[in-house]
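Quick notes on the structure that follows.
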Amino acid sequence: MSDSYRTIDPQALPKHFDAENVEQALTARWEAAGLYHYDPSRPRDETFIVDTPPPTVSGNLHIGHVFSYTHTDVVVRYKRMRGLNIFYPMGWDDNGLPTERRVQNHYHVRCDPSLPYEEGVELEKASSKVKKKPPRMLSRPNFIEACETLTKEDEKAYLALWQRLGLSVDWRQEYSTVGGHCRKVAQLSFLDLMAKGHLYSSDAPTLWDVDFQTAVAQAELEDRDLASTFNDIAFKVEGSDEEFIIATTRPELLPACVAVTAHPDDERYKHLFGKRAVTPLFNVPVRIFPSDVVDMEKGTGILMICTFGDQTDVQWWRDETLPLRQVIGRRGRLLQIEYGTEGWESLDAEAANRNYAEVAGKRPEQARKRILEMLGEAPEGGQAPLRAQKPINHAVKFFEKGDRPLEFIPTRQWFCRLMDKKSDLLARGEQVQWHPAFMRDRFSLWTENLQFDWCISRQRYFGVPFPMWYRLDEQGQPDYADPLLAAPEQLPVDPTTGVPAGFEEAQRGQPGGFVAESDVFDTWFTSSMTPEISSHWGIDDERHGRLFPADMRPQAHEIIRTWAFYTIAKAMLHEGQVPWHNVVISGWVVQGKDKISKSKGGAKGLTPHELMDKFTADGVRYWSANARLGVDTAFDENMFKTGKRLVTKLYNASKFALMQEAPKGPITRELDKGFLAALQRVVDEATKSFEAFEFSPALKATETFFWSSFTDSYLELAKVRARSEDDPEGRASAVAALRLGLEVLLRLFAPVLPYITETVWGWAFAEERDAPSIHAADWPSAALFEGIAGPQRAGSFDAATACLGAINRSKTAANVGVARGITSMQLAAPQALLDDLAPVRDDVWAAAKVGQFEIVVDEALSGFEVRAIEFEPKPEKKK
RNA sequence: GGGCGCAUAGCUCAGCUGGUUAGAGCGCCACCUUCACACGGUGGAAGUCGCAGGUUCGAGUCCUGCUGCGCCCACCA
């Protein structure tokens, strides 16, 4: 150990911090050193496990990504400095509709699961000329290959962004949700849930998207307000001339009407219960029954039940065992129907068929128009059934990615039972710590209001297939009650190409043979397994035991009902545990009133790379880390600017601090100890915040101290002594404190600003502390201040700061020429502090030549008072 | 209709368990090319803390009720 410090020559360093090159060089160095590698040999209690959200790779990169991923990285870097063994993986979510659509478009292909797999298919980006021809049809395995090929490109772009942003991910722990590993875990999950009896299939009315041609789950719904019309339509009572008026927004469902209902207490309609009504146009007699679900105030108080207009219709249909008259088909068009046949009885089948022919094959909105026209025509000597129309606005259910309203259509679907597990799920929500805490309410509310079991099957081609087949009986009809499940060793399997045990390929589709379940899982079925995907659940028990449950799940608040909810559900059903201990919720990036997201086309203006070019990666991270958890943040270039300014200041202040030369010596002076004591307060505060996952107050505290206490005050107060020739002991104390202060500040900033802090660390401290990277160094602890300071000493530093402030004010006053006649400064303080301040005072004094004030510091050095600053008042501003 | 959150300087926000004249950054004004930093420094102006009550010696902070904005959810006839 040498007896002088390793100093730097500022002339030898670039005038400005060359962020772009530094970012590249350090990223490469960190990767080469394996700095972020998880060490499987260390025990669980020394490990910090992150359940990283896998980004959807088909979206364009935008600042919203940068924002939330930085939050996680900041926490991770803090935990790493606390000495924890970090497990920080990265996944790519390339399983789902966005990828499917992109692949279809990019290569101009479509998937047909009935096709056999072709070896060695080479695809090219389709030209617009090619796109005029019919698309090429691919087997499902080929289609998945195409997805994997295309998403590889996107993943490269993400990787480059993440690395430049400085995410300290262990890149060896990478997965893709459409890859073999994830397919296997998802299929294992299915087999386990089957074995535990949580799954069932049923042929029942299900929310159906007519464009995507698939069922959707409750979690994928969104309400949209649409303009609509309440149509008052007259129904006749069977066998009489009496009529009543129902109100409906969906007159096109008139042929699907199966009953009429009103409130049991409704005097207007009481006498009708038990009788039958006759529908106009189709003359179908339907039951009239009472139901207390009916709102007497709404519409006319009496309404028609159709199969199916909404969820209430489904409920009545079930409870009252009403007939099924499905008129809307899977493609969203009115089906062909023959009145007079079974189930389609009519008092005048001929007229009914004539009327129905007008709307068969039409879309609902066209059919509605036509039906209303017909209802508006008065029969001979009578009144038209359409009596009145009233415009309204009402909420209509849509698939969140869809363009047309959802329909209820009876189809066979697979469900995971959750309705009977609400209280267990709520209890799990209580076992998880939510940050911020109020986000738990979102989870609880959703769980309490859950209405359907989880529909896990989708009639899509691309996705993780059900590992399952059905036996075909002698007539070639599938036996849904007793499916053939894949064996675990077979996974991942695509049942459209794989064969169940005990069968041969030749028996596919043959009577007495088998047929594949062609559905795929809801993408959340796979995404809800991210902790288990990382831990290799069901595949490597030893690893799973080490990595499950995780410590931290970072995520956005709008997917609490999906991602967080399903992940909690899966962990409960599979392992009887919570999937992680902490959920850390980031807010959104907003621009004006709009959330910045892929659906909105990203931020106006600069891309993440352009922002980093302009403000440095550290500057961009600074902006992210400034946001409080769960709170939306404005996209504001000023904040990036402030971040870059901080980086620049750190660069320059560090140069200055590390160019001061002195022999090594103890920190003995009051001012130096006071400064370090004040810094220790900041360390305590930052640590406390970080422990609660609140990085932003930690950054704020550090930043404030850095600017106002370190650069503005302490550097000014210590620099005269640090260069003094005639006070060797005071000089050694100042330089030692300067360096220690800088070192501690670098460590405090390291989680947020990895590049600039590592750069400065390398100038001196890497060698001095025998720690090549600051990111593997310890978070500052009390040990660093051992024997030097104590928080109670900070008063002397506060006093000195006030003194400097007074001097500065007097300088400014002198410059503007209003402080005449002020010629001396009194500082009443313990001698120890006065000694330290004397050189500052004399130095500044000589320059300023003005000022008269008194600073009184109490003997305990815990407080101070500034007295008698006498300046002439500033002259009134001329207006 | 239910739940949650927000409302503090022109803008973006911080103000923990209630305690003396309410803070920061940006912007604005004045001054300063001085040793690492003009990608800088120093100083300054600027707020009836959404509104109305209440609790308290004392309220930006706690309670009640309003108003506005945002988000999540809802059974949509």
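Scheme for the structure tokens: letters A, B, ... for chains in order shown; per-chain residue numbers from 1; ligand numbers from 1 in order shown.
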Chain B residues near chain A (8 Å cut-off, only C-alpha atoms (C1' of nucleotides)) as a list in words: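 Here they are: G3, C4, U12, G25, C26, C31, A36, C37, C39, U42, G43, C72, C73, C75, C76 and A77 of chain B.
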DSSP-assigned strand (DSSP E or B) members of region 524-585 of chain A, reported as number ranges by chain: A: 550-556, 580-585
Coordinates-based distance that separates CA of Glu297 (chain A) from CA of Leu281 (chain A) (Å, one decimal): 27.1 Å
Residue neighbourhood Lys156 (chain A), 12 Å, only C-alpha atoms (C1' of nucleotides), exclusion window fewer than 5 positions, as number ranges by chain: A: 57-58, 61, 92, 149-151, 161-163
Test item: residues at most 9 Å from Lys369 (chain A), only C-alpha atoms (C1' of nucleotides), excluding those fewer than 5 positions along its chain, as a list in words: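 The contact residues come out as Pro251, Glu252, Pro364 and Met374 of chain A.
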Go ahead and write the residues just picked, all heavy atoms, as a PDB file, in the first residue's frame.
ATOM      1  N   PRO A 251     -82.624  -5.766 -32.335  1.00  0.00           N
ATOM      2  CA  PRO A 251     -83.796  -6.353 -32.992  1.00  0.00           C
ATOM      3  C   PRO A 251     -83.419  -7.500 -33.940  1.00  0.00           C
ATOM      4  O   PRO A 251     -84.258  -8.357 -34.202  1.00  0.00           O
ATOM      5  CB  PRO A 251     -84.408  -5.178 -33.754  1.00  0.00           C
ATOM      6  CG  PRO A 251     -83.336  -4.145 -33.847  1.00  0.00           C
ATOM      7  CD  PRO A 251     -82.477  -4.323 -32.659  1.00  0.00           C
ATOM      8  N   GLU A 252     -82.189  -7.527 -34.424  1.00  0.00           N
ATOM      9  CA  GLU A 252     -81.806  -8.613 -35.333  1.00  0.00           C
ATOM     10  C   GLU A 252     -81.827  -9.966 -34.635  1.00  0.00           C
ATOM     11  O   GLU A 252     -81.791 -11.011 -35.293  1.00  0.00           O
ATOM     12  CB  GLU A 252     -80.433  -8.351 -35.959  1.00  0.00           C
ATOM     13  CG  GLU A 252     -79.227  -8.558 -35.040  1.00  0.00           C
ATOM     14  CD  GLU A 252     -78.909  -7.344 -34.160  1.00  0.00           C
ATOM     15  OE1 GLU A 252     -79.804  -6.493 -33.987  1.00  0.00           O
ATOM     16  OE2 GLU A 252     -77.780  -7.267 -33.659  1.00  0.00           O
ATOM     17  N   PRO A 364     -74.854  -8.810 -38.407  1.00  0.00           N
ATOM     18  CA  PRO A 364     -75.867  -8.304 -37.469  1.00  0.00           C
ATOM     19  C   PRO A 364     -76.324  -6.885 -37.774  1.00  0.00           C
ATOM     20  O   PRO A 364     -77.522  -6.610 -37.748  1.00  0.00           O
ATOM     21  CB  PRO A 364     -75.155  -8.363 -36.110  1.00  0.00           C
ATOM     22  CG  PRO A 364     -74.152  -9.456 -36.270  1.00  0.00           C
ATOM     23  CD  PRO A 364     -73.727  -9.434 -37.709  1.00  0.00           C
ATOM     24  N   MET A 374     -88.673  -4.065 -41.787  1.00  0.00           N
ATOM     25  CA  MET A 374     -89.829  -4.962 -41.845  1.00  0.00           C
ATOM     26  C   MET A 374     -90.785  -4.708 -40.683  1.00  0.00           C
ATOM     27  O   MET A 374     -92.001  -4.732 -40.852  1.00  0.00           O
ATOM     28  CB  MET A 374     -89.374  -6.423 -41.868  1.00  0.00           C
ATOM     29  CG  MET A 374     -88.624  -6.772 -43.159  1.00  0.00           C
ATOM     30  SD  MET A 374     -88.381  -8.558 -43.375  1.00  0.00           S
ATOM     31  CE  MET A 374     -87.117  -8.884 -42.202  1.00  0.00           C
TER      32      MET A 374
END
Residues near region 420-429 of chain A, cut-off 12 Å, only C-alpha atoms (C1' of nucleotides), skip fewer than 3 positions along chain, as number ranges by chain: A: 198, 416-417, 432-434, 437-454, 560-561, 564-573, 576-583
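Shortest separation to U56 (chain B) among B:A38, B:G18, B:U33, B:A74 occurs at residue B:G18, atoms counted being only C-alpha atoms (C1' of nucleotides).
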Test item: residues at most 8 Å from Pro511 (chain A), only C-alpha atoms (C1' of nucleotides), excluding those fewer than 5 positions along its chain, as a PyMOL selection string: chain A and resi 472-477
Selected residue of minimal separation from Tyr755 (chain A) among A:Ala732, A:Ala32, A:Leu167, A:Val130, counting only C-alpha atoms: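 The shortest atom-to-atom distance to Tyr755 (chain A) comes from A:Leu167.
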Best match for closeness to Trp707 (chain A) among B:A7, B:C63, B:A14, B:A24, counting only C-alpha atoms (C1' of nucleotides): B:A24
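Shell of His71 (chain A) at 9 Å, with only C-alpha atoms (C1' of nucleotides) counted and residues fewer than 4 places along the chain excluded, is Val66, Phe67, Val75, Val76, Pro554, Ser586, Arg621, Ser624, Ala625, Ala627, Leu629, Phe695 and Val752 of chain A.
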Once you have the residues from the selection above, write them out as a PDB file, in the first residue's frame, restricted to C-alpha atoms.
ATOM      1  CA  VAL A  66     -37.159   1.783 -21.149  1.00  0.00           C
ATOM      2  CA  PHE A  67     -39.029   3.274 -18.239  1.00  0.00           C
ATOM      3  CA  VAL A  75     -33.535  -2.381  -7.747  1.00  0.00           C
ATOM      4  CA  VAL A  76     -31.464  -5.298  -8.985  1.00  0.00           C
ATOM      5  CA  PRO A 554     -42.119  -6.051 -11.777  1.00  0.00           C
ATOM      6  CA  SER A 586     -44.520   0.811 -12.527  1.00  0.00           C
ATOM      7  CA  ARG A 621     -32.112   5.990 -16.634  1.00  0.00           C
ATOM      8  CA  SER A 624     -36.908   6.651 -15.273  1.00  0.00           C
ATOM      9  CA  ALA A 625     -35.644   6.313 -11.740  1.00  0.00           C
ATOM     10  CA  ALA A 627     -40.662   8.239 -10.980  1.00  0.00           C
ATOM     11  CA  LEU A 629     -43.766   3.517  -8.026  1.00  0.00           C
ATOM     12  CA  PHE A 695     -35.700   3.968  -5.637  1.00  0.00           C
ATOM     13  CA  VAL A 752     -29.162   4.458 -11.333  1.00  0.00           C
TER      14      VAL A 752
END
Pick from B:G68, B:G2, B:G23, B:G15 nearest to G47 (chain B), counting only C-alpha atoms (C1' of nucleotides):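 Smallest separation from G47 (chain B) among the options: B:G23.
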Between CA of Pro323 (chain A) and CA of Glu345 (chain A), distance in Å (one decimal):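 Answer for the CA of Pro323 (chain A) to CA of Glu345 (chain A) separation: 11.2 Å.
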Interatomic distance, CA of Gln187 (chain A) to CA of Phe525 (chain A) (Å, one decimal): 9.4 Å
All alpha helix (DSSP H) positions in region 609-792 of chain A, as a ChimeraX atom specification: /A:609-615,617-625,637-659,670-691,695-704,715-722,728-749,754-763,765-768
Proximity to Asp3 (chain A) - best of A:Ala736, A:Ala157, A:Ala219, A:Leu123, only C-alpha atoms: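 Distance minimum relative to Asp3 (chain A) lands on A:Ala736.
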